[in-house]
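> So here's target.txt, just compact mmCIF, C-alpha atoms and all ligand atoms:
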# COMPACT_ATOMS: atom_id res chain seq x y z
CA MET C 1 143.88 66.60 71.89
CA PHE C 2 141.43 65.09 74.40
CA ASP C 3 138.45 66.30 72.33
CA GLU C 4 136.26 63.74 74.04
CA ILE C 5 136.81 65.42 77.41
CA ARG C 6 134.10 68.06 77.78
CA PHE C 7 133.68 70.71 80.44
CA ASN C 8 129.90 70.78 80.79
CA THR C 9 129.70 73.58 83.35
CA ILE C 10 131.71 75.95 81.23
CA GLU C 11 129.94 74.95 78.03
CA ARG C 12 126.57 75.85 79.59
CA LEU C 13 127.78 79.39 80.32
CA PRO C 14 127.21 81.89 77.50
CA ASN C 15 130.04 84.05 76.24
CA TYR C 16 130.12 87.42 77.90
CA VAL C 17 128.14 89.73 75.57
CA PHE C 18 129.89 92.82 76.88
CA ALA C 19 133.24 91.36 75.83
CA GLU C 20 132.81 92.50 72.21
CA VAL C 21 132.23 96.13 73.17
CA ASN C 22 134.98 95.92 75.80
CA ALA C 23 137.47 94.71 73.20
CA ILE C 24 136.72 97.71 70.93
CA LYS C 25 136.96 100.01 73.95
CA MET C 26 140.34 98.65 75.03
CA ALA C 27 141.73 98.77 71.48
CA ALA C 28 140.64 102.42 71.13
CA ARG C 29 142.22 103.27 74.50
CA ARG C 30 145.48 101.56 73.59
CA SER C 31 145.66 103.65 70.41
CA GLY C 32 145.47 106.74 72.60
CA GLU C 33 141.81 107.64 72.14
CA ASP C 34 139.94 109.16 75.09
CA ILE C 35 136.85 107.01 75.63
CA ILE C 36 134.12 108.43 77.85
CA ASP C 37 132.99 105.33 79.66
CA PHE C 38 129.44 104.87 80.94
CA SER C 39 129.52 101.12 80.53
CA MET C 40 130.05 99.61 83.98
CA GLY C 41 128.29 100.02 87.32
CA ASN C 42 131.69 100.62 88.85
CA PRO C 43 131.70 103.66 91.18
CA ASP C 44 134.48 106.11 90.27
CA GLY C 45 134.54 107.84 93.69
CA LYS C 46 136.92 107.26 96.59
CA THR C 47 135.85 105.29 99.67
CA PRO C 48 134.99 107.73 102.52
CA GLN C 49 138.08 108.60 104.57
CA HIS C 50 136.84 107.32 107.96
CA ILE C 51 136.39 103.83 106.44
CA ILE C 52 139.90 103.84 104.93
CA ASP C 53 141.33 105.05 108.26
CA LYS C 54 139.65 102.18 110.10
CA LEU C 55 141.08 99.68 107.62
CA CYS C 56 144.60 101.03 108.20
CA GLU C 57 144.18 101.13 111.99
CA SER C 58 143.03 97.52 112.06
CA ALA C 59 145.74 96.37 109.63
CA ASN C 60 148.35 97.87 111.95
CA LYS C 61 147.14 95.83 114.93
CA ASP C 62 148.42 92.45 116.02
CA LYS C 63 146.31 89.42 115.29
CA THR C 64 144.39 90.87 112.34
CA SER C 65 146.44 89.24 109.58
CA GLY C 66 145.43 85.62 110.02
CA TYR C 67 142.51 83.65 108.64
CA SER C 68 139.24 85.32 109.56
CA VAL C 69 135.71 83.99 110.09
CA SER C 70 134.02 82.71 106.93
CA ALA C 71 130.52 83.86 107.95
CA GLY C 72 131.87 87.26 109.01
CA ILE C 73 133.24 88.48 112.36
CA TYR C 74 130.55 88.76 115.04
CA LYS C 75 130.84 92.57 115.24
CA LEU C 76 130.15 92.89 111.52
CA ARG C 77 127.14 90.59 111.77
CA LEU C 78 125.87 92.73 114.67
CA ALA C 79 126.37 95.88 112.58
CA ILE C 80 124.36 94.27 109.77
CA CYS C 81 121.55 93.54 112.26
CA ASP C 82 121.67 97.16 113.50
CA TRP C 83 121.55 98.43 109.90
CA TYR C 84 118.37 96.44 109.17
CA LYS C 85 116.78 97.49 112.47
CA ARG C 86 117.53 101.16 111.81
CA LYS C 87 116.53 101.22 108.17
CA TYR C 88 113.70 98.72 108.00
CA GLY C 89 112.67 97.87 111.58
CA ALA C 90 113.61 94.22 110.92
CA SER C 91 115.37 91.98 113.48
CA PHE C 92 117.76 89.11 112.73
CA ASP C 93 119.70 86.62 114.80
CA PRO C 94 123.38 87.34 113.99
CA GLU C 95 124.26 83.64 114.38
CA SER C 96 121.68 81.93 112.24
CA GLU C 97 120.17 84.61 109.98
CA VAL C 98 123.13 86.71 108.83
CA VAL C 99 126.20 86.01 106.72
CA ALA C 100 128.84 88.43 105.46
CA THR C 101 129.87 87.83 101.86
CA MET C 102 132.74 88.87 99.58
CA GLY C 103 130.44 91.24 97.74
CA SER C 104 126.86 90.30 96.98
CA LYS C 105 127.87 88.54 93.75
CA GLU C 106 129.87 85.94 95.68
CA GLY C 107 127.03 85.37 98.14
CA PHE C 108 124.45 85.03 95.37
CA VAL C 109 126.53 82.55 93.33
CA ASN C 110 127.39 80.45 96.36
CA LEU C 111 123.80 80.44 97.61
CA ALA C 112 122.69 79.04 94.25
CA ARG C 113 125.47 76.46 94.41
CA ALA C 114 124.36 75.46 97.92
CA VAL C 115 120.63 75.07 97.32
CA ILE C 116 120.14 74.05 93.68
CA ASN C 117 119.60 70.37 92.90
CA PRO C 118 120.37 69.37 89.28
CA GLY C 119 117.59 70.71 87.05
CA ASP C 120 115.94 72.90 89.69
CA VAL C 121 114.28 75.98 88.25
CA ALA C 122 114.60 79.63 89.33
CA ILE C 123 112.40 82.38 87.90
CA VAL C 124 114.31 85.49 86.84
CA PRO C 125 112.54 88.57 85.43
CA THR C 126 114.36 89.89 82.35
CA PRO C 127 116.23 91.90 81.32
CA ALA C 128 118.44 91.00 84.28
CA TYR C 129 121.83 91.53 85.88
CA PRO C 130 123.58 88.52 84.23
CA ILE C 131 124.63 86.89 87.54
CA HIS C 132 120.98 86.57 88.56
CA SER C 133 120.56 83.94 85.83
CA GLN C 134 124.03 82.52 85.47
CA ALA C 135 124.37 81.69 89.18
CA PHE C 136 121.66 79.05 88.70
CA ILE C 137 123.13 77.77 85.43
CA LEU C 138 126.57 77.45 87.07
CA ALA C 139 124.94 75.51 89.89
CA GLY C 140 123.42 73.00 87.46
CA GLY C 141 119.92 74.46 87.57
CA ASN C 142 117.73 76.10 84.94
CA VAL C 143 116.22 79.55 84.60
CA ALA C 144 112.64 80.38 83.63
CA LYS C 145 112.63 83.91 82.30
CA MET C 146 109.65 86.22 82.53
CA PRO C 147 109.34 89.76 81.19
CA LEU C 148 109.62 92.68 83.57
CA ILE C 149 106.80 95.09 82.75
CA TYR C 150 106.99 98.72 83.86
CA ASN C 151 105.78 102.20 83.00
CA GLU C 152 107.54 105.36 81.74
CA LYS C 153 108.47 106.31 85.29
CA PHE C 154 110.19 102.94 85.65
CA GLU C 155 107.62 101.77 88.21
CA LEU C 156 106.88 98.06 88.19
CA ASP C 157 103.50 96.94 86.84
CA GLU C 158 102.66 94.85 89.92
CA ASN C 159 99.60 93.16 88.49
CA LYS C 160 101.47 92.03 85.39
CA PHE C 161 104.36 90.88 87.58
CA PHE C 162 102.21 88.58 89.70
CA GLU C 163 100.28 87.30 86.67
CA ASN C 164 103.61 86.45 85.02
CA VAL C 165 105.00 84.72 88.09
CA GLU C 166 101.87 82.61 88.36
CA LYS C 167 102.01 81.70 84.68
CA THR C 168 105.73 80.89 84.82
CA LEU C 169 105.25 78.77 87.96
CA TYR C 170 102.64 76.63 86.26
CA GLU C 171 104.61 76.35 83.03
CA SER C 172 108.02 75.50 84.49
CA ILE C 173 108.96 71.83 84.71
CA PRO C 174 109.86 70.99 87.38
CA ARG C 175 107.95 73.68 89.23
CA ALA C 176 110.19 76.64 90.10
CA LYS C 177 111.58 76.73 93.64
CA PHE C 178 113.13 80.21 93.58
CA LEU C 179 112.26 83.71 92.36
CA VAL C 180 114.83 86.50 92.05
CA VAL C 181 113.75 90.09 92.65
CA ASN C 182 116.04 93.11 92.37
CA PHE C 183 114.55 96.55 93.04
CA PRO C 184 115.88 99.15 92.30
CA HIS C 185 116.56 97.01 89.28
CA ASN C 186 119.72 96.62 87.28
CA PRO C 187 119.66 97.41 84.35
CA THR C 188 116.20 99.01 84.04
CA THR C 189 116.21 101.07 87.32
CA VAL C 190 112.63 99.86 87.95
CA THR C 191 111.42 100.40 91.52
CA VAL C 192 108.63 99.03 93.74
CA GLN C 193 106.68 100.14 96.80
CA LYS C 194 106.43 98.16 100.04
CA SER C 195 102.97 96.90 99.00
CA PHE C 196 104.73 94.83 96.31
CA TYR C 197 106.55 92.83 98.98
CA ASP C 198 103.30 92.29 100.94
CA ARG C 199 101.86 90.58 97.88
CA LEU C 200 105.09 88.76 97.07
CA VAL C 201 105.49 87.21 100.52
CA ALA C 202 101.85 86.11 100.55
CA MET C 203 102.26 84.54 97.11
CA ALA C 204 105.54 82.81 97.97
CA LYS C 205 103.92 81.24 101.04
CA LYS C 206 100.86 80.13 99.11
CA GLU C 207 102.73 78.83 96.06
CA ARG C 208 105.70 77.49 98.06
CA PHE C 209 108.78 79.10 96.54
CA TYR C 210 111.71 81.01 98.00
CA VAL C 211 112.42 84.64 97.15
CA ILE C 212 115.98 85.93 96.74
CA SER C 213 115.93 89.72 96.89
CA ASP C 214 118.90 91.87 95.83
CA ILE C 215 118.80 95.49 97.01
CA ALA C 216 122.30 96.52 95.86
CA TYR C 217 121.06 100.01 94.93
CA ALA C 218 118.86 100.55 98.00
CA GLU C 219 120.60 103.76 99.08
CA LEU C 220 121.09 105.26 95.63
CA THR C 221 117.77 107.01 95.19
CA PHE C 222 116.85 110.30 93.55
CA GLY C 223 114.27 112.72 95.00
CA GLU C 224 111.68 111.42 97.43
CA TYR C 225 111.82 107.72 96.59
CA LYS C 226 112.83 105.35 99.40
CA THR C 227 113.74 101.73 98.69
CA PRO C 228 111.66 99.21 100.64
CA SER C 229 112.95 95.84 101.88
CA ILE C 230 111.13 92.52 101.78
CA PHE C 231 111.86 92.30 105.51
CA GLU C 232 109.46 95.12 106.26
CA VAL C 233 106.84 92.43 105.76
CA GLU C 234 105.88 90.33 108.80
CA GLY C 235 106.82 86.69 108.28
CA ALA C 236 109.07 87.31 105.25
CA LYS C 237 111.80 85.22 106.87
CA ASP C 238 109.74 82.12 106.21
CA VAL C 239 110.31 82.46 102.49
CA ALA C 240 113.03 85.02 101.75
CA VAL C 241 116.63 86.07 101.90
CA GLU C 242 117.93 89.48 100.89
CA THR C 243 121.39 90.58 99.82
CA TYR C 244 123.01 94.00 100.03
CA THR C 245 126.43 95.35 99.17
CA LEU C 246 128.75 98.09 100.39
CA SER C 247 130.09 98.42 96.82
CA LYS C 248 127.71 101.12 95.65
CA SER C 249 126.58 103.13 98.71
CA TYR C 250 130.10 103.55 100.13
CA ASN C 251 132.21 103.44 96.92
CA MET C 252 133.70 100.13 98.09
CA ALA C 253 133.29 97.96 94.98
CA GLY C 254 136.91 96.79 95.00
CA TRP C 255 136.82 95.87 98.69
CA ARG C 256 134.36 93.01 98.07
CA VAL C 257 132.01 93.32 101.05
CA GLY C 258 128.33 92.50 101.16
CA PHE C 259 125.92 90.39 103.16
CA MET C 260 122.86 88.21 103.03
CA VAL C 261 120.17 87.90 105.72
CA GLY C 262 116.91 86.09 106.29
CA ASN C 263 115.60 82.53 106.09
CA LYS C 264 117.59 80.24 108.41
CA LYS C 265 117.57 77.28 106.05
CA LEU C 266 119.00 79.27 103.13
CA ILE C 267 121.44 81.28 105.26
CA GLY C 268 122.58 78.05 106.95
CA ALA C 269 123.21 76.50 103.52
CA LEU C 270 125.21 79.55 102.38
CA LYS C 271 127.27 79.59 105.58
CA LYS C 272 128.03 75.90 105.24
CA ILE C 273 129.12 76.06 101.60
CA LYS C 274 131.21 79.18 102.22
CA SER C 275 132.99 77.43 105.08
CA TRP C 276 134.34 74.99 102.46
CA PHE C 277 135.38 77.71 100.02
CA ASP C 278 136.84 80.54 102.05
CA TYR C 279 138.29 81.60 105.40
CA GLY C 280 136.46 84.90 105.43
CA MET C 281 137.38 88.37 104.23
CA TYR C 282 140.58 89.97 105.52
CA THR C 283 139.70 91.01 109.08
CA PRO C 284 140.59 94.74 108.65
CA ILE C 285 138.13 94.89 105.73
CA GLN C 286 135.44 93.45 107.99
CA VAL C 287 136.29 95.91 110.79
CA ALA C 288 136.14 98.81 108.31
CA ALA C 289 132.83 97.50 106.91
CA THR C 290 131.44 97.52 110.47
CA ILE C 291 132.34 101.20 110.73
CA ALA C 292 130.86 101.91 107.30
CA LEU C 293 127.49 100.47 108.34
CA ASN C 294 127.49 101.82 111.91
CA GLY C 295 129.34 105.10 111.47
CA ASP C 296 128.45 108.50 110.08
CA GLN C 297 126.11 108.05 107.11
CA THR C 298 126.49 111.56 105.68
CA CYS C 299 128.99 110.08 103.21
CA ILE C 300 126.05 108.37 101.49
CA GLU C 301 124.33 111.74 101.02
CA ASP C 302 127.53 113.08 99.42
CA ILE C 303 127.76 110.12 97.05
CA LYS C 304 124.05 110.37 96.18
CA ASN C 305 124.39 114.09 95.49
CA ILE C 306 127.17 113.46 93.00
CA TYR C 307 125.02 110.93 91.10
CA ALA C 308 122.00 113.23 91.29
CA LYS C 309 123.93 116.14 89.74
CA ARG C 310 125.34 113.91 87.01
CA LEU C 311 121.86 112.59 86.33
CA GLU C 312 120.53 116.12 85.71
CA VAL C 313 123.46 116.94 83.42
CA MET C 314 123.01 113.72 81.46
CA LEU C 315 119.24 114.09 81.08
CA ASP C 316 119.64 117.69 79.98
CA SER C 317 122.65 117.43 77.67
CA PHE C 318 121.70 114.15 75.99
CA THR C 319 118.16 115.39 75.38
CA ASN C 320 119.65 118.52 73.78
CA ALA C 321 121.81 116.26 71.66
CA GLY C 322 118.68 114.60 70.27
CA TRP C 323 118.53 111.53 72.51
CA ASP C 324 115.46 111.57 74.76
CA LEU C 325 116.14 109.90 78.08
CA LEU C 326 113.59 109.09 80.77
CA ARG C 327 114.24 109.88 84.42
CA PRO C 328 114.95 107.00 86.85
CA SER C 329 114.04 107.32 90.53
CA ALA C 330 116.90 105.14 91.79
CA SER C 331 120.18 103.32 90.98
CA MET C 332 123.25 104.79 89.28
CA PHE C 333 121.97 104.15 85.76
CA ILE C 334 119.84 105.50 82.97
CA TRP C 335 118.05 102.83 80.93
CA ALA C 336 117.97 104.51 77.57
CA LYS C 337 115.87 103.51 74.59
CA LEU C 338 117.90 103.75 71.38
CA PRO C 339 117.48 107.15 69.68
CA THR C 340 114.69 106.92 67.08
CA ASN C 341 116.93 107.25 64.03
CA LYS C 342 119.22 104.50 65.34
CA ALA C 343 116.56 102.11 66.66
CA HIS C 344 116.99 99.76 63.68
CA LEU C 345 120.58 99.03 64.71
CA LYS C 346 119.66 97.17 67.93
CA SER C 347 121.76 97.56 71.04
CA LEU C 348 125.04 95.84 70.16
CA GLU C 349 125.60 97.56 66.81
CA PHE C 350 124.48 100.92 68.27
CA SER C 351 126.96 100.52 71.16
CA LYS C 352 129.77 99.72 68.72
CA GLN C 353 128.94 102.77 66.62
CA LEU C 354 128.81 105.02 69.69
CA LEU C 355 132.30 103.83 70.58
CA GLN C 356 133.73 104.16 67.11
CA LYS C 357 132.01 107.39 66.06
CA ALA C 358 131.45 109.25 69.36
CA SER C 359 134.14 107.76 71.66
CA VAL C 360 131.43 106.89 74.17
CA ALA C 361 131.12 103.46 75.83
CA VAL C 362 127.75 102.13 77.05
CA SER C 363 126.41 98.67 77.94
CA PRO C 364 124.30 97.15 75.14
CA GLY C 365 120.93 96.06 76.51
CA ILE C 366 121.22 92.66 74.83
CA GLY C 367 123.88 91.82 77.44
CA PHE C 368 121.06 91.74 80.00
CA GLY C 369 118.88 89.48 77.86
CA GLU C 370 116.86 89.74 74.68
CA ALA C 371 114.25 91.91 76.39
CA GLY C 372 116.95 94.60 76.60
CA ASP C 373 117.84 94.81 72.93
CA GLU C 374 116.10 98.13 72.27
CA TYR C 375 118.05 99.80 75.07
CA VAL C 376 121.50 100.62 76.35
CA ARG C 377 122.50 101.22 79.95
CA LEU C 378 124.37 104.39 80.87
CA ALA C 379 126.16 104.41 84.25
CA LEU C 380 126.67 107.78 85.96
CA ILE C 381 130.36 107.16 86.56
CA GLU C 382 131.93 110.00 84.60
CA ASN C 383 132.10 113.60 85.83
CA GLU C 384 129.81 116.39 84.64
CA ASN C 385 132.29 117.87 82.13
CA ARG C 386 132.84 114.50 80.51
CA ILE C 387 129.08 113.89 80.36
CA ARG C 388 128.73 117.21 78.50
CA GLN C 389 131.60 116.27 76.17
CA ALA C 390 129.91 112.91 75.49
CA ALA C 391 126.68 114.74 74.64
CA ARG C 392 128.55 116.92 72.10
CA ASN C 393 130.09 113.83 70.47
CA ILE C 394 126.72 112.07 70.41
CA LYS C 395 125.00 115.11 68.87
CA LYS C 396 127.42 114.97 65.91
CA TYR C 397 126.99 111.20 65.55
CA LEU C 398 123.18 111.37 65.64
CA LYS C 399 123.17 114.00 62.89
CA GLU C 400 125.13 111.69 60.56
CA GLU C 401 123.10 109.71 58.16
C1 LIG C 501 121.95 94.20 91.07
C2 LIG C 501 123.36 93.91 91.46
N1 LIG C 501 123.59 93.02 92.41
C3 LIG C 501 124.83 92.71 92.80
C4 LIG C 501 125.92 93.34 92.22
C5 LIG C 501 127.28 92.91 92.66
O1 LIG C 501 127.75 93.70 93.67
P1 LIG C 501 128.98 93.29 94.54
O2 LIG C 501 130.04 94.29 94.24
O3 LIG C 501 128.49 93.41 95.94
O4 LIG C 501 129.37 91.90 94.23
C6 LIG C 501 125.74 94.29 91.23
C7 LIG C 501 126.90 94.93 90.60
O5 LIG C 501 126.85 95.65 89.66
C8 LIG C 501 124.42 94.57 90.84
O6 LIG C 501 124.17 95.46 89.87
Using structure tokens, write down the structure from this file.
Ligand SMILES: Cc1ncc(COP(=O)(O)O)c(C=O)c1O

Amino acid sequence: MFDEIRFNTIERLPNYVFAEVNAIKMAARRSGEDIIDFSMGNPDGKTPQHIIDKLCESANKDKTSGYSVSAGIYKLRLAICDWYKRKYGASFDPESEVVATMGSKEGFVNLARAVINPGDVAIVPTPAYPIHSQAFILAGGNVAKMPLIYNEKFELDENKFFENVEKTLYESIPRAKFLVVNFPHNPTTVTVQKSFYDRLVAMAKKERFYVISDIAYAELTFGEYKTPSIFEVEGAKDVAVETYTLSKSYNMAGWRVGFMVGNKKLIGALKKIKSWFDYGMYTPIQVAATIALNGDQTCIEDIKNIYAKRLEVMLDSFTNAGWDLLRPSASMFIWAKLPTNKAHLKSLEFSKQLLQKASVAVSPGIGFGEAGDEYVRLALIENENRIRQAARNIKKYLKEE
């Protein structure tokens, strides 16, 4: 019935590639099988106690249960400004350059919705976190993809990056207005140095496009590496916004708290569109987020240490099992090339086989775009014993012919 009535927005969205692997995973679980799950970037740890306590304290107060402020309560916006000042020496006006979001995904999608005219083009390096493309498609825009080139240490090839942006800018019709950058990168873990942002800001000014930077994994670094921000560059506000989330650094993924800062025109657009969609996060969540950003940061060290230990166990045990993995310097992932004797399978079939024959779930690289099809993404969200068990299962599977 009503076949002539089409839903264009939905039809332009691709089916979720991870759904196929998820369905096998759920079926196996329902039949009682223990699946060791490295598939999602969903932190398994508990939110630090002082943040939970603040949530409860605020929830128990009068006048915290009503509608809140869509752009974020002033104290949270001030805490966001303090966070940037402390970490990156960057200053923002809490009224016009900062907005709290219900996780960075919500902010990203609504920003695209606010600023994209029909047919506008955004450049997205691939493989990519799916939202980075789909936000523009949902908004009625188009995406120009360009390959992300990096070395064996997962460091970005800057020269190639800027060559590719230039090429994509000249080839895209109409000319692209936006570029998405996400370092440390999901899914590849690729990182950059501050010098990258110096070049990027200069190029964006010269070529007249906006940069949307996502630093979701900024705090999750291994060893000496420190994540830079685009706002360490003088004048970046003219061309850029940046988004960050409390989901990963503070184990708060389910709370849905993030923020976006920077260019007044873009932040103003996001604030305005959000004011039509929401009444703000539950106030106690915002109060607790203020404490997370302003309070004791040793909890981040604890969370990082857990990922760092798991990383060592995974690198060691999987390599022993016959699957050579390369070391990332940030994020909560390993971007793993398919083992040599399984390379012909490509990522989706390999992921299905891992589930069915080794009871291990991973994210097939194809879910992040065609450029990811020789890889799978492993998230460090299972404990060390389960990582070792997964390695034993994988060893048996890899020996099969
Ligand atoms: C690069 C990147 N950005 C944003 C998000 C979304 O985070 P949030 O929980 O803040 O919506 C994720 C989640 O996995 C991510 O990987």
> As an exercise, work out the distance from atom CA of C:Tyr250 to atom CA of C:Met281 in Å and give it to one decimal place.
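Between atom CA of C:Tyr250 and atom CA of C:Met281 the gap works out to 17.3 Å.
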> Considering all atoms listed in the file, can you say which of C:Gly322, C:Gly140, C:Gly235, C:Gly254 comes closest to ligand LIG 501 (chain C)?
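Using all atoms listed in the file, ligand LIG 501 (chain C) sits closest to C:Gly254.
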> Near C:Gln193, counting all atoms listed in the file, which residues have an atom at most 9 Å away, once you skip same-chain residues fewer than 5 positions from it, shown as a ChimeraX atom specification?
/C:155-156,226-228
> Mind giving me the straight-line distance from atom CA of C:Ser249 to atom C5 of ligand LIG 501 (chain C) in Å, one decimal?
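Those two atoms sit 11.9 Å apart.
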> Just want the residues within 9 Å of ligand LIG 501 (chain C), written as a ChimeraX atom specification, counting only C-alpha atoms and all ligand atoms.
/C:40-42,101-108,128-132,182-187,214-217,243-248,252-259,331
> Dump C-alpha atoms for the selected residues as a short mmCIF file (atom, residue, chain, number, x, y, z; two decimals), keeping the file's coordinate frame?

data_model
loop_
_atom_site.label_atom_id
_atom_site.label_comp_id
_atom_site.auth_asym_id
_atom_site.auth_seq_id
_atom_site.Cartn_x
_atom_site.Cartn_y
_atom_site.Cartn_z
CA MET C 40 130.05 99.61 83.98
CA GLY C 41 128.29 100.02 87.32
CA ASN C 42 131.69 100.62 88.85
CA THR C 101 129.87 87.83 101.86
CA MET C 102 132.74 88.87 99.58
CA GLY C 103 130.44 91.24 97.74
CA SER C 104 126.86 90.30 96.98
CA LYS C 105 127.87 88.54 93.75
CA GLU C 106 129.87 85.94 95.68
CA GLY C 107 127.03 85.37 98.14
CA PHE C 108 124.45 85.03 95.37
CA ALA C 128 118.44 91.00 84.28
CA TYR C 129 121.83 91.53 85.88
CA PRO C 130 123.58 88.52 84.23
CA ILE C 131 124.63 86.89 87.54
CA HIS C 132 120.98 86.57 88.56
CA ASN C 182 116.04 93.11 92.37
CA PHE C 183 114.55 96.55 93.04
CA PRO C 184 115.88 99.15 92.30
CA HIS C 185 116.56 97.01 89.28
CA ASN C 186 119.72 96.62 87.28
CA PRO C 187 119.66 97.41 84.35
CA ASP C 214 118.90 91.87 95.83
CA ILE C 215 118.80 95.49 97.01
CA ALA C 216 122.30 96.52 95.86
CA TYR C 217 121.06 100.01 94.93
CA THR C 243 121.39 90.58 99.82
CA TYR C 244 123.01 94.00 100.03
CA THR C 245 126.43 95.35 99.17
CA LEU C 246 128.75 98.09 100.39
CA SER C 247 130.09 98.42 96.82
CA LYS C 248 127.71 101.12 95.65
CA MET C 252 133.70 100.13 98.09
CA ALA C 253 133.29 97.96 94.98
CA GLY C 254 136.91 96.79 95.00
CA TRP C 255 136.82 95.87 98.69
CA ARG C 256 134.36 93.01 98.07
CA VAL C 257 132.01 93.32 101.05
CA GLY C 258 128.33 92.50 101.16
CA PHE C 259 125.92 90.39 103.16
CA SER C 331 120.18 103.32 90.98
#
> Would you mind listing what lies within 10 Å of C:Gln356 as number ranges by chain, with only C-alpha atoms counted and same-chain residues fewer than 6 positions away left out?
C: 24-25, 28, 35, 350, 397
> Which residue, C:Ala23, C:Ile51, C:Ile212, C:Ala391, has the smallest gap to C:Ala292 when you use all atoms listed in the file?
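Smallest distance to C:Ala292 is found for C:Ile51.
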> If I put a ball of radius 9 Å at (126.1, 80.1, 104.3) in the file's coordinates, which residues poke into it when counting all atoms listed in the file, written as a tab-separated table (two decimals) with C-alpha atoms, keeping the file's coordinate frame?

chain	number	residue	atom	x	y	z
C	70	SER	CA	134.02	82.71	106.93
C	71	ALA	CA	130.52	83.86	107.95
C	98	VAL	CA	123.13	86.71	108.83
C	99	VAL	CA	126.20	86.01	106.72
C	100	ALA	CA	128.84	88.43	105.46
C	101	THR	CA	129.87	87.83	101.86
C	107	GLY	CA	127.03	85.37	98.14
C	110	ASN	CA	127.39	80.45	96.36
C	111	LEU	CA	123.80	80.44	97.61
C	114	ALA	CA	124.36	75.46	97.92
C	260	MET	CA	122.86	88.21	103.03
C	266	LEU	CA	119.00	79.27	103.13
C	267	ILE	CA	121.44	81.28	105.26
C	268	GLY	CA	122.58	78.05	106.95
C	269	ALA	CA	123.21	76.50	103.52
C	270	LEU	CA	125.21	79.55	102.38
C	271	LYS	CA	127.27	79.59	105.58
C	272	LYS	CA	128.03	75.90	105.24
C	273	ILE	CA	129.12	76.06	101.60
C	274	LYS	CA	131.21	79.18	102.22
C	275	SER	CA	132.99	77.43	105.08
> Measuring between all atoms listed in the file, which one of C:Tyr170, C:Phe196, C:Phe178, C:Tyr16 shows the shortest distance to C:Asp157?
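Using all atoms listed in the file, C:Asp157 sits closest to C:Phe196.
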> What gap, in Å, lies between atom CA of C:Ile300 and atom CA of C:Pro364?
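Here the two named atoms are 28.7 Å from each other.
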> Quick one: residues within 7 Å of C:Val241, only C-alpha atoms counted, chain neighbours fewer than 5 positions away excluded, as a ChimeraX atom specification?
/C:211-213,260-263
> Determine the nearest neighbour of C:Ile303 from the options C:Ile381, C:Met203, C:Leu55, C:Ile366, counting all atoms listed in the file.
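The shortest atom-to-atom distance to C:Ile303 comes from C:Ile381.
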> Determine the nearest neighbour of C:Ala390 from the options C:Thr221, C:Ser359, C:Asn151, C:Thr340, counting only C-alpha atoms.
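So, comparing all the options, the nearest one is C:Ser359.
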